[in-house]
Amino acid sequence: MPTRSVDTPRFRPTSEWFVMGRHRGVHSVQVGATAERTVDLLQALALHLDPSVDIQIVDARSGRRWQGAMCALPDVRAELERLRQGLAAYGGVEVSVYTPSDQLTLTAALQLVIYARTNRWAFLLEGAGLVERLAVPPPVWCPGSVPRFSVPSLTETLETTARHLGLEEATA
């Protein structure tokens, strides 16, 4: 798969990458990395958002959804740290942190997707060591749409996170 970077390893494909796109003035970025790295990137990149953010959390296992507006960014980042291990290990939770100009979303399948009004995220991702690709590589495997097993520890952590951030449970 061709990349734009000239310093990629010679006989080994780059395992951390991103693909940029643009549609109707909105830049989109799809990030590919390991589960742990993707969750870490969500928290690290959130540092570059406004001091006050909106957040939405959706538990694909239970269908529960929490949302909040005007949350303090340091509090959100602290809660993302609390969720870090469970998210990386089990997935199945979509977390979106957003402002009027930017949105960072960790999907239930542990992929990071960014939507923004500017292309500043490319520079931040390159600074984090990711390589820009021209296209998304073909998947090696495809996870199921919704995990079938319950994870009580992750459910408890999600509920604690919602309580700490003052998120409201949304009805579908």
# chains A, B, ... in the order shown; residues from 1 in each chain; ligands from 1

$ closest_atom_pairs --of "segment 60-146 of chain A" --to "segment 14-38 of chain A" --cutoff "8 Å" --atoms "only C-alpha atoms" --output "tab-separated table"
residue	atom	partner	partner_atom	distance
A:Arg84	CA	A:Glu36	CA	7.9
A:Gln85	CA	A:Glu36	CA	7.9
A:Ala88	CA	A:Glu36	CA	5.1
A:Ala89	CA	A:Ala35	CA	7.6
A:Leu106	CA	A:Thr38	CA	7.8
A:Leu110	CA	A:Ala35	CA	5.8
A:Gln111	CA	A:Val31	CA	6.6
A:Leu112	CA	A:Val31	CA	5.2
A:Val113	CA	A:Gln30	CA	4.7
A:Ile114	CA	A:Val29	CA	4.9
A:Tyr115	CA	A:Ser28	CA	4.6
A:Ala116	CA	A:His27	CA	5.1
A:Arg117	CA	A:Val26	CA	5.1
A:Thr118	CA	A:His27	CA	6.4
A:Asn119	CA	A:His27	CA	6.2
A:Trp121	CA	A:Val29	CA	7.9
A:Ala122	CA	A:Met20	CA	7.6
A:Leu125	CA	A:Phe18	CA	7.7
A:Gly129	CA	A:Glu16	CA	7.7
A:Leu130	CA	A:Trp17	CA	4.9
A:Val131	CA	A:Trp17	CA	4.6
A:Glu132	CA	A:Phe18	CA	4.9
A:Arg133	CA	A:Val19	CA	5.3
A:Leu134	CA	A:Val19	CA	6.2
A:Ala135	CA	A:Val19	CA	6.0
A:Val136	CA	A:Val19	CA	6.4

$ select_by_dssp --residues "segment 2-127 of chain A" --states "strand (DSSP E or B)" --output "PyMOL selection string"
chain A and resi 3+17-23+26-32+52-59+65-72+93-98+102-106+112-116

$ residues_around --residues "Glu94 of chain A" --least-positions-apart "5" --cutoff "10 Å" --atoms "only C-alpha atoms" --output "number ranges by chain"
A: 56-60, 65, 87, 105-112

$ atom_distance --atom1 "atom CA of Tyr98 of chain A" --atom2 "atom CA of Pro152 of chain A"
27.3 Å

$ select_by_dssp --residues "segment 74-167 of chain A" --states "helix (DSSP H, G or I)" --output "MDAnalysis selection string"
chainID A and resid 74:90 120:127 152:165

$ write_last_selection --atoms "N, CA and C atoms" --output "compact mmCIF listing (two decimals), in the first residue's frame"
# COMPACT_ATOMS: atom_id res chain seq x y z
N PRO A 74 -10.42 18.89 31.15
CA PRO A 74 -9.59 18.09 32.07
C PRO A 74 -10.38 16.95 32.73
N ASP A 75 -11.65 17.20 33.05
CA ASP A 75 -12.48 16.16 33.65
C ASP A 75 -12.75 15.04 32.64
N VAL A 76 -13.03 15.40 31.40
CA VAL A 76 -13.28 14.41 30.36
C VAL A 76 -12.04 13.56 30.13
N ARG A 77 -10.88 14.21 30.07
CA ARG A 77 -9.63 13.45 29.86
C ARG A 77 -9.36 12.52 31.04
N ALA A 78 -9.66 12.95 32.25
CA ALA A 78 -9.47 12.09 33.43
C ALA A 78 -10.38 10.87 33.35
N GLU A 79 -11.60 11.07 32.89
CA GLU A 79 -12.53 9.94 32.77
C GLU A 79 -12.13 9.01 31.62
N LEU A 80 -11.59 9.58 30.54
CA LEU A 80 -11.09 8.73 29.45
C LEU A 80 -9.94 7.86 29.96
N GLU A 81 -9.13 8.39 30.85
CA GLU A 81 -8.05 7.61 31.44
C GLU A 81 -8.63 6.46 32.27
N ARG A 82 -9.71 6.74 32.99
CA ARG A 82 -10.37 5.71 33.81
C ARG A 82 -10.91 4.59 32.90
N LEU A 83 -11.42 4.96 31.73
CA LEU A 83 -12.01 3.99 30.79
C LEU A 83 -10.97 3.26 29.95
N ARG A 84 -9.78 3.78 29.90
CA ARG A 84 -8.74 3.34 28.97
C ARG A 84 -8.57 1.82 28.90
N GLN A 85 -8.33 1.20 30.01
CA GLN A 85 -8.04 -0.24 30.01
C GLN A 85 -9.25 -1.06 29.54
N GLY A 86 -10.43 -0.75 30.03
CA GLY A 86 -11.63 -1.50 29.63
C GLY A 86 -11.97 -1.32 28.17
N LEU A 87 -11.84 -0.08 27.67
CA LEU A 87 -12.12 0.17 26.25
C LEU A 87 -11.17 -0.62 25.36
N ALA A 88 -9.88 -0.55 25.66
CA ALA A 88 -8.88 -1.24 24.83
C ALA A 88 -9.04 -2.75 24.88
N ALA A 89 -9.43 -3.27 26.03
CA ALA A 89 -9.54 -4.72 26.18
C ALA A 89 -10.81 -5.29 25.56
N TYR A 90 -11.94 -4.56 25.67
CA TYR A 90 -13.22 -5.13 25.29
C TYR A 90 -13.94 -4.41 24.14
N ARG A 120 -5.77 20.49 10.72
CA ARG A 120 -4.72 20.51 11.74
C ARG A 120 -4.41 19.14 12.32
N TRP A 121 -5.36 18.22 12.25
CA TRP A 121 -5.15 16.90 12.86
C TRP A 121 -4.07 16.11 12.16
N ALA A 122 -3.86 16.35 10.88
CA ALA A 122 -2.78 15.65 10.15
C ALA A 122 -1.43 15.95 10.78
N PHE A 123 -1.20 17.21 11.11
CA PHE A 123 0.07 17.59 11.72
C PHE A 123 0.23 16.97 13.11
N LEU A 124 -0.85 16.93 13.86
CA LEU A 124 -0.80 16.34 15.20
C LEU A 124 -0.55 14.84 15.13
N LEU A 125 -1.18 14.16 14.17
CA LEU A 125 -0.99 12.72 14.03
C LEU A 125 0.42 12.39 13.55
N GLU A 126 0.94 13.19 12.62
CA GLU A 126 2.33 12.98 12.18
C GLU A 126 3.29 13.18 13.35
N GLY A 127 2.99 14.18 14.18
CA GLY A 127 3.81 14.43 15.37
C GLY A 127 3.76 13.29 16.36
N PRO A 152 -19.17 -6.73 33.07
CA PRO A 152 -19.65 -5.98 34.22
C PRO A 152 -18.70 -4.88 34.69
N SER A 153 -17.41 -5.12 34.67
CA SER A 153 -16.46 -4.10 35.12
C SER A 153 -16.48 -2.88 34.21
N LEU A 154 -16.61 -3.08 32.91
CA LEU A 154 -16.68 -1.96 31.97
C LEU A 154 -18.01 -1.22 32.13
N THR A 155 -19.10 -1.95 32.31
CA THR A 155 -20.40 -1.33 32.52
C THR A 155 -20.37 -0.44 33.77
N GLU A 156 -19.78 -0.93 34.83
CA GLU A 156 -19.67 -0.17 36.07
C GLU A 156 -18.82 1.09 35.86
N THR A 157 -17.74 0.96 35.13
CA THR A 157 -16.87 2.11 34.87
C THR A 157 -17.59 3.14 34.00
N LEU A 158 -18.38 2.70 33.03
CA LEU A 158 -19.16 3.61 32.21
C LEU A 158 -20.16 4.39 33.06
N GLU A 159 -20.84 3.70 33.96
CA GLU A 159 -21.81 4.36 34.83
C GLU A 159 -21.12 5.37 35.75
N THR A 160 -19.95 5.02 36.27
CA THR A 160 -19.18 5.93 37.12
C THR A 160 -18.74 7.15 36.32
N THR A 161 -18.28 6.94 35.10
CA THR A 161 -17.86 8.04 34.23
C THR A 161 -19.02 8.99 33.98
N ALA A 162 -20.18 8.43 33.65
CA ALA A 162 -21.36 9.26 33.40
C ALA A 162 -21.73 10.07 34.63
N ARG A 163 -21.65 9.45 35.79
CA ARG A 163 -21.98 10.15 37.04
C ARG A 163 -20.97 11.26 37.32
N HIS A 164 -19.67 10.97 37.17
CA HIS A 164 -18.63 11.97 37.45
C HIS A 164 -18.72 13.17 36.52
N LEU A 165 -19.09 12.95 35.27
CA LEU A 165 -19.17 14.05 34.30
C LEU A 165 -20.55 14.72 34.29

$ atom_distance --atom1 "atom CA of Gln43 of chain A" --atom2 "atom CA of Gly166 of chain A"
19.0 Å
